[in-house]
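K.L.:
Sharing my_file-v2.txt, compact mmCIF, N, CA and C atoms:
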```
# COMPACT_ATOMS: atom_id res chain seq x y z
N MET A 1 -104.64 -19.52 -23.23
CA MET A 1 -104.30 -20.71 -22.48
C MET A 1 -102.78 -20.88 -22.51
N THR A 2 -102.17 -21.08 -21.34
CA THR A 2 -100.72 -21.26 -21.26
C THR A 2 -100.40 -22.74 -21.25
N SER A 3 -99.27 -23.07 -21.84
CA SER A 3 -98.86 -24.47 -21.83
C SER A 3 -98.04 -24.74 -20.57
N VAL A 4 -98.24 -25.90 -20.02
CA VAL A 4 -97.56 -26.31 -18.80
C VAL A 4 -96.70 -27.52 -19.12
N ARG A 5 -95.51 -27.55 -18.53
CA ARG A 5 -94.61 -28.69 -18.75
C ARG A 5 -93.90 -29.01 -17.44
N LEU A 6 -93.31 -30.19 -17.40
CA LEU A 6 -92.48 -30.57 -16.26
C LEU A 6 -91.03 -30.41 -16.66
N ASP A 7 -90.22 -29.84 -15.75
CA ASP A 7 -88.80 -29.76 -16.06
C ASP A 7 -88.12 -31.05 -15.62
N LEU A 8 -86.79 -31.11 -15.73
CA LEU A 8 -86.06 -32.35 -15.44
C LEU A 8 -86.18 -32.77 -13.98
N ARG A 9 -86.48 -31.84 -13.09
CA ARG A 9 -86.63 -32.17 -11.67
C ARG A 9 -88.07 -32.50 -11.30
N GLY A 10 -88.98 -32.45 -12.27
CA GLY A 10 -90.38 -32.76 -12.00
C GLY A 10 -91.19 -31.56 -11.54
N THR A 11 -90.63 -30.34 -11.62
CA THR A 11 -91.33 -29.14 -11.22
C THR A 11 -92.19 -28.65 -12.37
N ILE A 12 -93.40 -28.20 -12.04
CA ILE A 12 -94.31 -27.68 -13.06
C ILE A 12 -93.86 -26.29 -13.45
N CYS A 13 -93.72 -26.06 -14.78
CA CYS A 13 -93.30 -24.77 -15.31
C CYS A 13 -94.31 -24.30 -16.35
N HIS A 14 -94.51 -23.02 -16.42
CA HIS A 14 -95.35 -22.43 -17.45
C HIS A 14 -94.44 -21.92 -18.56
N ALA A 15 -94.71 -22.31 -19.79
CA ALA A 15 -93.86 -21.95 -20.92
C ALA A 15 -93.80 -20.44 -21.08
N GLY A 16 -92.59 -19.94 -21.30
CA GLY A 16 -92.40 -18.52 -21.53
C GLY A 16 -92.38 -17.67 -20.28
N GLU A 17 -92.54 -18.28 -19.13
CA GLU A 17 -92.60 -17.53 -17.89
C GLU A 17 -91.21 -17.42 -17.28
N MET A 18 -90.79 -16.20 -16.93
CA MET A 18 -89.49 -15.99 -16.32
C MET A 18 -89.70 -15.38 -14.94
N GLN A 19 -89.00 -15.91 -13.97
CA GLN A 19 -89.09 -15.39 -12.62
C GLN A 19 -88.49 -13.99 -12.58
N PRO A 20 -89.02 -13.09 -11.74
CA PRO A 20 -88.49 -11.73 -11.67
C PRO A 20 -87.00 -11.69 -11.29
N VAL A 21 -86.57 -12.60 -10.43
CA VAL A 21 -85.16 -12.61 -10.04
C VAL A 21 -84.28 -12.97 -11.23
N SER A 22 -84.71 -13.92 -12.05
CA SER A 22 -83.95 -14.29 -13.25
C SER A 22 -83.86 -13.10 -14.20
N PHE A 23 -84.94 -12.37 -14.35
CA PHE A 23 -84.95 -11.21 -15.24
C PHE A 23 -83.95 -10.16 -14.75
N ILE A 24 -83.97 -9.87 -13.47
CA ILE A 24 -83.04 -8.88 -12.90
C ILE A 24 -81.60 -9.36 -13.04
N MET A 25 -81.35 -10.63 -12.76
CA MET A 25 -79.99 -11.16 -12.87
C MET A 25 -79.51 -11.12 -14.32
N ASN A 26 -80.40 -11.38 -15.28
CA ASN A 26 -80.03 -11.30 -16.68
C ASN A 26 -79.68 -9.87 -17.09
N LEU A 27 -80.42 -8.90 -16.58
CA LEU A 27 -80.09 -7.50 -16.89
C LEU A 27 -78.73 -7.13 -16.31
N LEU A 28 -78.48 -7.53 -15.07
CA LEU A 28 -77.18 -7.26 -14.45
C LEU A 28 -76.07 -7.98 -15.22
N TRP A 29 -76.36 -9.19 -15.66
CA TRP A 29 -75.39 -9.99 -16.43
C TRP A 29 -74.95 -9.23 -17.68
N LEU A 30 -75.91 -8.68 -18.40
CA LEU A 30 -75.57 -7.93 -19.61
C LEU A 30 -74.70 -6.72 -19.30
N VAL A 31 -75.08 -5.97 -18.27
CA VAL A 31 -74.36 -4.75 -17.92
C VAL A 31 -72.95 -5.07 -17.41
N LEU A 32 -72.81 -6.16 -16.67
CA LEU A 32 -71.53 -6.47 -16.03
C LEU A 32 -70.63 -7.38 -16.86
N GLY A 33 -70.84 -7.46 -18.14
CA GLY A 33 -69.89 -8.16 -18.98
C GLY A 33 -70.41 -9.35 -19.76
N GLY A 34 -71.62 -9.77 -19.56
CA GLY A 34 -72.16 -10.91 -20.30
C GLY A 34 -72.27 -10.63 -21.79
N ILE A 35 -72.42 -9.37 -22.12
CA ILE A 35 -72.55 -9.01 -23.54
C ILE A 35 -71.27 -9.31 -24.31
N VAL A 36 -70.11 -9.21 -23.64
CA VAL A 36 -68.83 -9.46 -24.32
C VAL A 36 -68.73 -10.92 -24.75
N MET A 37 -69.04 -11.85 -23.85
CA MET A 37 -68.96 -13.27 -24.20
C MET A 37 -70.07 -13.66 -25.17
N GLY A 38 -71.23 -13.04 -25.06
CA GLY A 38 -72.29 -13.30 -26.04
C GLY A 38 -71.86 -12.88 -27.44
N LEU A 39 -71.20 -11.73 -27.54
CA LEU A 39 -70.68 -11.30 -28.83
C LEU A 39 -69.57 -12.23 -29.31
N GLY A 40 -68.78 -12.77 -28.38
CA GLY A 40 -67.75 -13.74 -28.76
C GLY A 40 -68.36 -14.98 -29.38
N TRP A 41 -69.45 -15.49 -28.80
CA TRP A 41 -70.14 -16.65 -29.36
C TRP A 41 -70.76 -16.31 -30.71
N PHE A 42 -71.34 -15.12 -30.81
CA PHE A 42 -71.94 -14.70 -32.07
C PHE A 42 -70.87 -14.59 -33.16
N LEU A 43 -69.72 -14.01 -32.82
CA LEU A 43 -68.62 -13.89 -33.77
C LEU A 43 -68.12 -15.27 -34.20
N ALA A 44 -68.02 -16.20 -33.25
CA ALA A 44 -67.60 -17.57 -33.58
C ALA A 44 -68.60 -18.19 -34.56
N GLY A 45 -69.90 -17.96 -34.35
CA GLY A 45 -70.92 -18.48 -35.25
C GLY A 45 -70.82 -17.89 -36.65
N VAL A 46 -70.57 -16.58 -36.72
CA VAL A 46 -70.42 -15.93 -38.03
C VAL A 46 -69.20 -16.49 -38.76
N ILE A 47 -68.08 -16.62 -38.04
CA ILE A 47 -66.87 -17.17 -38.66
C ILE A 47 -67.12 -18.59 -39.16
N MET A 48 -67.77 -19.40 -38.35
CA MET A 48 -68.07 -20.77 -38.77
C MET A 48 -68.98 -20.79 -39.99
N ALA A 49 -69.96 -19.90 -40.03
CA ALA A 49 -70.88 -19.87 -41.17
C ALA A 49 -70.18 -19.40 -42.44
N ILE A 50 -69.26 -18.46 -42.31
CA ILE A 50 -68.54 -17.95 -43.48
C ILE A 50 -67.67 -19.04 -44.11
N THR A 51 -67.11 -19.90 -43.28
CA THR A 51 -66.20 -20.92 -43.81
C THR A 51 -66.92 -22.04 -44.56
N ILE A 52 -68.21 -22.09 -44.53
CA ILE A 52 -69.04 -23.13 -45.13
C ILE A 52 -68.79 -24.48 -44.46
N ILE A 53 -67.55 -24.86 -44.29
CA ILE A 53 -67.23 -26.13 -43.62
C ILE A 53 -67.73 -26.10 -42.18
N GLY A 54 -67.75 -24.91 -41.59
CA GLY A 54 -68.16 -24.77 -40.19
C GLY A 54 -69.65 -24.63 -39.98
N LEU A 55 -70.45 -24.77 -41.03
CA LEU A 55 -71.90 -24.62 -40.88
C LEU A 55 -72.51 -25.52 -39.81
N PRO A 56 -72.08 -26.78 -39.67
CA PRO A 56 -72.68 -27.60 -38.60
C PRO A 56 -72.46 -27.02 -37.20
N TRP A 57 -71.38 -26.28 -37.01
CA TRP A 57 -71.08 -25.71 -35.70
C TRP A 57 -71.68 -24.32 -35.52
N ALA A 58 -72.02 -23.66 -36.62
CA ALA A 58 -72.57 -22.30 -36.55
C ALA A 58 -73.88 -22.29 -35.77
N ARG A 59 -74.73 -23.28 -36.00
CA ARG A 59 -76.01 -23.34 -35.28
C ARG A 59 -75.78 -23.44 -33.78
N SER A 60 -74.84 -24.29 -33.37
CA SER A 60 -74.53 -24.41 -31.95
C SER A 60 -74.05 -23.09 -31.38
N CYS A 61 -73.23 -22.39 -32.15
CA CYS A 61 -72.71 -21.09 -31.69
C CYS A 61 -73.84 -20.09 -31.46
N PHE A 62 -74.79 -20.04 -32.37
CA PHE A 62 -75.88 -19.08 -32.24
C PHE A 62 -76.82 -19.44 -31.09
N VAL A 63 -77.06 -20.74 -30.88
CA VAL A 63 -77.89 -21.17 -29.74
C VAL A 63 -77.20 -20.79 -28.42
N ILE A 64 -75.91 -21.02 -28.34
CA ILE A 64 -75.18 -20.73 -27.11
C ILE A 64 -74.97 -19.22 -26.96
N ALA A 65 -74.91 -18.48 -28.07
CA ALA A 65 -74.82 -17.01 -27.98
C ALA A 65 -76.07 -16.46 -27.29
N ARG A 66 -77.23 -17.02 -27.63
CA ARG A 66 -78.47 -16.59 -26.94
C ARG A 66 -78.38 -16.89 -25.46
N LEU A 67 -77.82 -18.05 -25.12
CA LEU A 67 -77.64 -18.41 -23.71
C LEU A 67 -76.65 -17.46 -23.05
N ALA A 68 -75.58 -17.12 -23.75
CA ALA A 68 -74.56 -16.24 -23.18
C ALA A 68 -75.09 -14.83 -22.96
N PHE A 69 -76.06 -14.40 -23.75
CA PHE A 69 -76.66 -13.09 -23.54
C PHE A 69 -77.68 -13.09 -22.40
N TRP A 70 -78.35 -14.22 -22.16
CA TRP A 70 -79.48 -14.28 -21.22
C TRP A 70 -79.47 -15.62 -20.49
N PRO A 71 -78.49 -15.89 -19.58
CA PRO A 71 -78.29 -17.25 -19.06
C PRO A 71 -79.15 -17.66 -17.85
N PHE A 72 -79.63 -16.70 -17.08
CA PHE A 72 -80.36 -17.08 -15.88
C PHE A 72 -81.75 -17.59 -16.23
N GLY A 73 -82.16 -18.66 -15.57
CA GLY A 73 -83.45 -19.28 -15.85
C GLY A 73 -83.40 -20.30 -16.97
N LYS A 74 -82.19 -20.63 -17.41
CA LYS A 74 -82.04 -21.62 -18.49
C LYS A 74 -81.10 -22.72 -18.03
N VAL A 75 -81.23 -23.87 -18.68
CA VAL A 75 -80.39 -25.02 -18.36
C VAL A 75 -79.95 -25.69 -19.67
N ILE A 76 -78.74 -26.24 -19.65
CA ILE A 76 -78.19 -26.93 -20.81
C ILE A 76 -78.44 -28.43 -20.63
N VAL A 77 -79.02 -29.06 -21.65
CA VAL A 77 -79.31 -30.49 -21.57
C VAL A 77 -78.89 -31.16 -22.88
N ASP A 78 -78.73 -32.47 -22.82
CA ASP A 78 -78.47 -33.24 -24.04
C ASP A 78 -79.71 -33.21 -24.91
N ARG A 79 -79.51 -33.02 -26.20
CA ARG A 79 -80.63 -32.98 -27.14
C ARG A 79 -81.39 -34.30 -27.15
N GLN A 80 -80.70 -35.38 -26.89
CA GLN A 80 -81.34 -36.70 -26.86
C GLN A 80 -82.40 -36.76 -25.76
N GLN A 81 -82.13 -36.11 -24.61
CA GLN A 81 -83.12 -36.10 -23.53
C GLN A 81 -84.38 -35.35 -23.93
N VAL A 82 -84.22 -34.28 -24.67
CA VAL A 82 -85.36 -33.47 -25.08
C VAL A 82 -86.16 -34.16 -26.17
N GLN A 83 -85.44 -34.72 -27.18
CA GLN A 83 -86.11 -35.34 -28.32
C GLN A 83 -86.55 -36.76 -28.06
N GLY A 84 -85.86 -37.45 -27.17
CA GLY A 84 -86.20 -38.82 -26.89
C GLY A 84 -85.57 -39.83 -27.84
N HIS A 85 -84.74 -39.38 -28.77
CA HIS A 85 -84.07 -40.28 -29.71
C HIS A 85 -82.76 -39.66 -30.16
N HIS A 86 -81.90 -40.50 -30.76
CA HIS A 86 -80.62 -40.02 -31.28
C HIS A 86 -80.83 -39.26 -32.58
N ASP A 87 -79.93 -38.31 -32.83
CA ASP A 87 -79.87 -37.66 -34.13
C ASP A 87 -78.40 -37.50 -34.50
N GLY A 88 -78.11 -36.79 -35.58
CA GLY A 88 -76.74 -36.66 -36.05
C GLY A 88 -75.79 -36.05 -35.04
N GLY A 89 -76.28 -35.20 -34.16
CA GLY A 89 -75.40 -34.53 -33.20
C GLY A 89 -75.23 -35.24 -31.88
N THR A 90 -75.99 -36.32 -31.67
CA THR A 90 -75.90 -37.00 -30.37
C THR A 90 -75.17 -38.32 -30.43
N GLY A 91 -74.79 -38.76 -31.60
CA GLY A 91 -74.10 -40.05 -31.74
C GLY A 91 -72.62 -39.87 -32.02
N LEU A 92 -72.09 -40.78 -32.82
CA LEU A 92 -70.68 -40.77 -33.16
C LEU A 92 -70.28 -39.52 -33.94
N LEU A 93 -71.15 -39.05 -34.83
CA LEU A 93 -70.86 -37.82 -35.57
C LEU A 93 -70.78 -36.61 -34.63
N GLY A 94 -71.61 -36.61 -33.60
CA GLY A 94 -71.56 -35.54 -32.61
C GLY A 94 -70.25 -35.54 -31.83
N LEU A 95 -69.79 -36.73 -31.48
CA LEU A 95 -68.50 -36.85 -30.79
C LEU A 95 -67.37 -36.33 -31.67
N LEU A 96 -67.37 -36.73 -32.93
CA LEU A 96 -66.36 -36.24 -33.88
C LEU A 96 -66.45 -34.72 -34.03
N GLY A 97 -67.68 -34.21 -34.13
CA GLY A 97 -67.89 -32.77 -34.23
C GLY A 97 -67.37 -32.03 -33.01
N ASN A 98 -67.56 -32.60 -31.82
CA ASN A 98 -67.07 -31.97 -30.60
C ASN A 98 -65.55 -31.96 -30.53
N VAL A 99 -64.91 -33.02 -31.00
CA VAL A 99 -63.44 -33.07 -31.01
C VAL A 99 -62.90 -31.99 -31.95
N ILE A 100 -63.47 -31.89 -33.13
CA ILE A 100 -63.04 -30.86 -34.08
C ILE A 100 -63.31 -29.47 -33.50
N TRP A 101 -64.49 -29.28 -32.91
CA TRP A 101 -64.84 -27.99 -32.30
C TRP A 101 -63.83 -27.61 -31.21
N PHE A 102 -63.50 -28.56 -30.36
CA PHE A 102 -62.55 -28.28 -29.27
C PHE A 102 -61.22 -27.79 -29.83
N LEU A 103 -60.74 -28.44 -30.87
CA LEU A 103 -59.44 -28.08 -31.44
C LEU A 103 -59.48 -26.73 -32.15
N VAL A 104 -60.61 -26.39 -32.77
CA VAL A 104 -60.70 -25.17 -33.56
C VAL A 104 -61.10 -23.95 -32.72
N ALA A 105 -62.13 -24.07 -31.92
CA ALA A 105 -62.66 -22.88 -31.25
C ALA A 105 -63.02 -23.05 -29.79
N GLY A 106 -63.28 -24.27 -29.36
CA GLY A 106 -63.80 -24.48 -28.01
C GLY A 106 -62.88 -24.03 -26.90
N TRP A 107 -61.61 -24.28 -27.06
CA TRP A 107 -60.68 -23.97 -25.97
C TRP A 107 -60.58 -22.47 -25.72
N TRP A 108 -60.59 -21.63 -26.77
CA TRP A 108 -60.44 -20.20 -26.51
C TRP A 108 -61.71 -19.59 -25.95
N LEU A 109 -62.87 -20.10 -26.30
CA LEU A 109 -64.10 -19.63 -25.67
C LEU A 109 -64.16 -20.06 -24.21
N ALA A 110 -63.70 -21.28 -23.92
CA ALA A 110 -63.65 -21.75 -22.53
C ALA A 110 -62.70 -20.89 -21.70
N ILE A 111 -61.55 -20.54 -22.26
CA ILE A 111 -60.60 -19.70 -21.53
C ILE A 111 -61.22 -18.33 -21.25
N GLY A 112 -61.94 -17.77 -22.21
CA GLY A 112 -62.62 -16.50 -21.99
C GLY A 112 -63.63 -16.57 -20.87
N HIS A 113 -64.40 -17.66 -20.83
CA HIS A 113 -65.40 -17.82 -19.76
C HIS A 113 -64.73 -18.07 -18.41
N ILE A 114 -63.66 -18.83 -18.39
CA ILE A 114 -62.97 -19.10 -17.12
C ILE A 114 -62.34 -17.81 -16.59
N GLY A 115 -61.74 -17.02 -17.47
CA GLY A 115 -61.18 -15.73 -17.05
C GLY A 115 -62.26 -14.81 -16.50
N SER A 116 -63.40 -14.77 -17.18
CA SER A 116 -64.51 -13.94 -16.70
C SER A 116 -65.05 -14.46 -15.38
N ALA A 117 -65.10 -15.78 -15.22
CA ALA A 117 -65.58 -16.37 -13.96
C ALA A 117 -64.65 -15.98 -12.81
N LEU A 118 -63.36 -16.09 -13.03
CA LEU A 118 -62.40 -15.73 -11.99
C LEU A 118 -62.53 -14.25 -11.60
N ALA A 119 -62.72 -13.39 -12.59
CA ALA A 119 -62.90 -11.97 -12.30
C ALA A 119 -64.18 -11.74 -11.51
N ASN A 120 -65.23 -12.49 -11.79
CA ASN A 120 -66.49 -12.33 -11.06
C ASN A 120 -66.42 -12.90 -9.65
N PHE A 121 -65.63 -13.95 -9.45
CA PHE A 121 -65.53 -14.57 -8.13
C PHE A 121 -64.80 -13.69 -7.12
N VAL A 122 -64.18 -12.60 -7.55
CA VAL A 122 -63.46 -11.71 -6.64
C VAL A 122 -64.43 -11.06 -5.65
N THR A 123 -65.66 -10.78 -6.09
CA THR A 123 -66.63 -10.17 -5.20
C THR A 123 -67.76 -11.15 -4.89
N ILE A 124 -68.40 -10.96 -3.78
CA ILE A 124 -69.53 -11.81 -3.39
C ILE A 124 -70.68 -11.62 -4.37
N ILE A 125 -70.91 -10.40 -4.81
CA ILE A 125 -72.00 -10.12 -5.74
C ILE A 125 -71.77 -10.83 -7.07
N GLY A 126 -70.51 -11.03 -7.45
CA GLY A 126 -70.20 -11.64 -8.73
C GLY A 126 -70.27 -13.15 -8.76
N ILE A 127 -70.45 -13.80 -7.62
CA ILE A 127 -70.43 -15.26 -7.57
C ILE A 127 -71.48 -15.89 -8.50
N PRO A 128 -72.74 -15.44 -8.49
CA PRO A 128 -73.70 -16.06 -9.42
C PRO A 128 -73.31 -15.88 -10.89
N PHE A 129 -72.68 -14.77 -11.20
CA PHE A 129 -72.24 -14.53 -12.58
C PHE A 129 -71.06 -15.43 -12.92
N GLY A 130 -70.17 -15.64 -11.95
CA GLY A 130 -69.05 -16.57 -12.16
C GLY A 130 -69.53 -17.98 -12.41
N ILE A 131 -70.57 -18.39 -11.69
CA ILE A 131 -71.13 -19.73 -11.88
C ILE A 131 -71.70 -19.86 -13.29
N GLN A 132 -72.37 -18.83 -13.79
CA GLN A 132 -72.90 -18.87 -15.16
C GLN A 132 -71.77 -18.97 -16.17
N HIS A 133 -70.67 -18.24 -15.92
CA HIS A 133 -69.53 -18.33 -16.84
C HIS A 133 -68.93 -19.74 -16.84
N LEU A 134 -68.89 -20.39 -15.68
CA LEU A 134 -68.38 -21.77 -15.65
C LEU A 134 -69.31 -22.71 -16.40
N LYS A 135 -70.61 -22.49 -16.28
CA LYS A 135 -71.59 -23.30 -17.03
C LYS A 135 -71.35 -23.13 -18.54
N LEU A 136 -71.09 -21.90 -18.96
CA LEU A 136 -70.83 -21.64 -20.37
C LEU A 136 -69.46 -22.18 -20.80
N ALA A 137 -68.49 -22.19 -19.88
CA ALA A 137 -67.17 -22.75 -20.21
C ALA A 137 -67.28 -24.24 -20.49
N VAL A 138 -68.09 -24.94 -19.72
CA VAL A 138 -68.26 -26.38 -19.92
C VAL A 138 -68.88 -26.66 -21.28
N ILE A 139 -69.95 -25.94 -21.63
CA ILE A 139 -70.59 -26.19 -22.92
C ILE A 139 -69.71 -25.73 -24.08
N SER A 140 -68.82 -24.77 -23.84
CA SER A 140 -67.96 -24.31 -24.94
C SER A 140 -66.93 -25.36 -25.34
N LEU A 141 -66.68 -26.33 -24.48
CA LEU A 141 -65.74 -27.40 -24.82
C LEU A 141 -66.36 -28.43 -25.74
N ALA A 142 -67.67 -28.68 -25.61
CA ALA A 142 -68.33 -29.70 -26.44
C ALA A 142 -69.81 -29.34 -26.63
N PRO A 143 -70.12 -28.40 -27.53
CA PRO A 143 -71.50 -27.94 -27.67
C PRO A 143 -72.40 -28.78 -28.57
N VAL A 144 -71.82 -29.62 -29.42
CA VAL A 144 -72.63 -30.38 -30.37
C VAL A 144 -73.45 -31.44 -29.61
N GLY A 145 -74.72 -31.50 -29.90
CA GLY A 145 -75.60 -32.47 -29.24
C GLY A 145 -76.24 -31.92 -27.98
N LYS A 146 -76.04 -30.64 -27.68
CA LYS A 146 -76.63 -30.00 -26.51
C LYS A 146 -77.69 -29.00 -26.98
N THR A 147 -78.61 -28.69 -26.09
CA THR A 147 -79.60 -27.67 -26.36
C THR A 147 -79.89 -26.91 -25.07
N VAL A 148 -80.55 -25.79 -25.19
CA VAL A 148 -80.86 -24.93 -24.05
C VAL A 148 -82.36 -24.93 -23.86
N THR A 149 -82.79 -25.16 -22.62
CA THR A 149 -84.22 -25.12 -22.30
C THR A 149 -84.43 -24.24 -21.08
N GLU A 150 -85.69 -23.85 -20.87
CA GLU A 150 -86.04 -23.08 -19.68
C GLU A 150 -85.97 -23.99 -18.46
N LYS A 151 -85.63 -23.43 -17.32
CA LYS A 151 -85.61 -24.23 -16.08
C LYS A 151 -87.01 -24.60 -15.69
```
For this file, write the structure as structure tokens.
P.N.:
Amino acid sequence: MTSVRLDLRGTICHAGEMQPVSFIMNLLWLVLGGIVMGLGWFLAGVIMAITIIGLPWARSCFVIARLAFWPFGKVIVDRQQVQGHHDGGTGLLGLLGNVIWFLVAGWWLAIGHIGSALANFVTIIGIPFGIQHLKLAVISLAPVGKTVTEK
């Protein structure tokens, strides 16, 4: 038995189901450079985890690294929307965490994604990949309190 859910637009989705076009786009994404930014997010997570002080941000890095490796068919949402209530990352502590994140690591990951987006926008085929890089650039500025769900 498969589980069925409604996405944010009210469309019925089957859990774990990926459209063939999303699968193909994700494979192309990996081959055409998505693996580099995914490794960048993974490296940022490892560095944050090693510092011990960065442990609260390491989880966000690893969640977004998965998104950076396989972005098509996924959407970034506020964790509060998914859970239905506030937690440590969606309130004032989350805001403080995002400010610290921006100063320490967010800006250079955003620059990497913007540079990759500009390189992809040069060709018509690269436009969907550029859009994904811009989506990742936005979340790289303030990842605390966000989560990734299937479309």
K.L.:
In Å, rounded to a single decimal, give me how far CA of Gly73 (chain A) is from CA of Val148 (chain A).
P.N.:
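About the pair CA of Val148 (chain A) and CA of Gly73 (chain A): they are 10.3 Å apart.
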K.L.:
When you look at Trp101 (chain A) with a cut-off of 8 Å (counting all atoms listed in the file), what residues show up, excluding the ones that are within fewer than 4 positions of it in the same chain? I need them as a PDB file with N, CA and C atoms, in the coordinates of the input.
P.N.:
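Full text of out_5.pdb as output:
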```
ATOM      1  N   TRP A  57     -71.380 -26.280 -37.010  1.00  0.00           N
ATOM      2  CA  TRP A  57     -71.080 -25.710 -35.700  1.00  0.00           C
ATOM      3  C   TRP A  57     -71.680 -24.320 -35.520  1.00  0.00           C
ATOM      4  N   LEU A  95     -69.790 -36.730 -31.480  1.00  0.00           N
ATOM      5  CA  LEU A  95     -68.500 -36.850 -30.790  1.00  0.00           C
ATOM      6  C   LEU A  95     -67.370 -36.330 -31.670  1.00  0.00           C
ATOM      7  N   LEU A  96     -67.370 -36.730 -32.930  1.00  0.00           N
ATOM      8  CA  LEU A  96     -66.360 -36.240 -33.880  1.00  0.00           C
ATOM      9  C   LEU A  96     -66.450 -34.720 -34.030  1.00  0.00           C
ATOM     10  N   GLY A  97     -67.680 -34.210 -34.130  1.00  0.00           N
ATOM     11  CA  GLY A  97     -67.890 -32.770 -34.230  1.00  0.00           C
ATOM     12  C   GLY A  97     -67.370 -32.030 -33.010  1.00  0.00           C
ATOM     13  N   ALA A 105     -62.130 -24.070 -31.920  1.00  0.00           N
ATOM     14  CA  ALA A 105     -62.660 -22.880 -31.250  1.00  0.00           C
ATOM     15  C   ALA A 105     -63.020 -23.050 -29.790  1.00  0.00           C
ATOM     16  N   GLY A 106     -63.280 -24.270 -29.360  1.00  0.00           N
ATOM     17  CA  GLY A 106     -63.800 -24.480 -28.010  1.00  0.00           C
ATOM     18  C   GLY A 106     -62.880 -24.030 -26.900  1.00  0.00           C
ATOM     19  N   TRP A 107     -61.610 -24.280 -27.060  1.00  0.00           N
ATOM     20  CA  TRP A 107     -60.680 -23.970 -25.970  1.00  0.00           C
ATOM     21  C   TRP A 107     -60.580 -22.470 -25.720  1.00  0.00           C
ATOM     22  N   SER A 140     -68.820 -24.770 -23.840  1.00  0.00           N
ATOM     23  CA  SER A 140     -67.960 -24.310 -24.940  1.00  0.00           C
ATOM     24  C   SER A 140     -66.930 -25.360 -25.340  1.00  0.00           C
ATOM     25  N   LEU A 141     -66.680 -26.330 -24.480  1.00  0.00           N
ATOM     26  CA  LEU A 141     -65.740 -27.400 -24.820  1.00  0.00           C
ATOM     27  C   LEU A 141     -66.360 -28.430 -25.740  1.00  0.00           C
ATOM     28  N   ALA A 142     -67.670 -28.680 -25.610  1.00  0.00           N
ATOM     29  CA  ALA A 142     -68.330 -29.700 -26.440  1.00  0.00           C
ATOM     30  C   ALA A 142     -69.810 -29.340 -26.630  1.00  0.00           C
ATOM     31  N   PRO A 143     -70.120 -28.400 -27.530  1.00  0.00           N
ATOM     32  CA  PRO A 143     -71.500 -27.940 -27.670  1.00  0.00           C
ATOM     33  C   PRO A 143     -72.400 -28.780 -28.570  1.00  0.00           C
ATOM     34  N   VAL A 144     -71.820 -29.620 -29.420  1.00  0.00           N
ATOM     35  CA  VAL A 144     -72.630 -30.380 -30.370  1.00  0.00           C
ATOM     36  C   VAL A 144     -73.450 -31.440 -29.610  1.00  0.00           C
TER      37      VAL A 144
END
```
K.L.:
Taking into account only C-alpha atoms, which residue in the set A:Ala137, A:Ile131, A:Val31, A:Ile100 is nearest to Gly112 (chain A)?
P.N.:
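The closest residue to Gly112 (chain A) is A:Ala137.
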K.L.:
One decimal, Å: what's the distance from atom N of Phe23 (chain A) over to atom N of Leu109 (chain A), could you say?
P.N.:
26.3 Å
K.L.:
If DSSP is run on the backbone, what residues of region 12-121 of chain A are strand (DSSP E or B)? A reply as a count of residues only would be ideal.
P.N.:
8
K.L.:
How many Å separate CA of Gly94 (chain A) from atom C of Gly115 (chain A)?
P.N.:
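Separating CA of Gly94 (chain A) from atom C of Gly115 (chain A) is a distance of 27.9 Å.
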K.L.:
Could you pull out the alpha helix (DSSP H) residues of region 20-149 of chain A, going by DSSP on the backbone, and write them as an MDAnalysis selection string?
P.N.:
chainID A and resid 20:29 35:50 55:69 79:83 92:101 107:120 127:141
K.L.:
Produce the centre coordinates and the three edge lengths, each in Å to one decimal, of the box along x, y and z that contains all listed atoms of region 132-144 of chain A with 5 Å added on each side, as JSON.
P.N.:
```
{"center_x": -69.6, "center_y": -24.8, "center_z": -22.1, "size_x": 17.7, "size_y": 23.2, "size_z": 26.6}
```
K.L.:
Which residues, written as an mmCIF file with N, CA and C atoms, in the coordinates of the input, have at least one atom at most 10 Å from Trp70 (chain A), with only C-alpha atoms counted and residues fewer than 6 positions away on the same chain left out?
P.N.:
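out11.cif, freshly written:
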```
data_model
loop_
_atom_site.group_PDB
_atom_site.id
_atom_site.type_symbol
_atom_site.label_atom_id
_atom_site.label_comp_id
_atom_site.auth_asym_id
_atom_site.auth_seq_id
_atom_site.Cartn_x
_atom_site.Cartn_y
_atom_site.Cartn_z
ATOM 1 N N SER A 22 -84.710 -13.920 -12.050
ATOM 2 C CA SER A 22 -83.950 -14.290 -13.250
ATOM 3 C C SER A 22 -83.860 -13.100 -14.200
ATOM 4 N N PHE A 23 -84.940 -12.370 -14.350
ATOM 5 C CA PHE A 23 -84.950 -11.210 -15.240
ATOM 6 C C PHE A 23 -83.950 -10.160 -14.750
ATOM 7 N N MET A 25 -81.350 -10.630 -12.760
ATOM 8 C CA MET A 25 -79.990 -11.160 -12.870
ATOM 9 C C MET A 25 -79.510 -11.120 -14.320
ATOM 10 N N ASN A 26 -80.400 -11.380 -15.280
ATOM 11 C CA ASN A 26 -80.030 -11.300 -16.680
ATOM 12 C C ASN A 26 -79.680 -9.870 -17.090
ATOM 13 N N LEU A 27 -80.420 -8.900 -16.580
ATOM 14 C CA LEU A 27 -80.090 -7.500 -16.890
ATOM 15 C C LEU A 27 -78.730 -7.130 -16.310
ATOM 16 N N TRP A 29 -76.360 -9.190 -15.660
ATOM 17 C CA TRP A 29 -75.390 -9.990 -16.430
ATOM 18 C C TRP A 29 -74.950 -9.230 -17.680
ATOM 19 N N LEU A 30 -75.910 -8.680 -18.400
ATOM 20 C CA LEU A 30 -75.570 -7.930 -19.610
ATOM 21 C C LEU A 30 -74.700 -6.720 -19.300
ATOM 22 N N GLY A 34 -71.620 -9.770 -19.560
ATOM 23 C CA GLY A 34 -72.160 -10.910 -20.300
ATOM 24 C C GLY A 34 -72.270 -10.630 -21.790
ATOM 25 N N ILE A 35 -72.420 -9.370 -22.120
ATOM 26 C CA ILE A 35 -72.550 -9.010 -23.540
ATOM 27 C C ILE A 35 -71.270 -9.310 -24.310
ATOM 28 N N GLY A 38 -71.230 -13.040 -25.060
ATOM 29 C CA GLY A 38 -72.290 -13.300 -26.040
ATOM 30 C C GLY A 38 -71.860 -12.880 -27.440
ATOM 31 N N ILE A 64 -75.910 -21.020 -28.340
ATOM 32 C CA ILE A 64 -75.180 -20.730 -27.110
ATOM 33 C C ILE A 64 -74.970 -19.220 -26.960
#
```
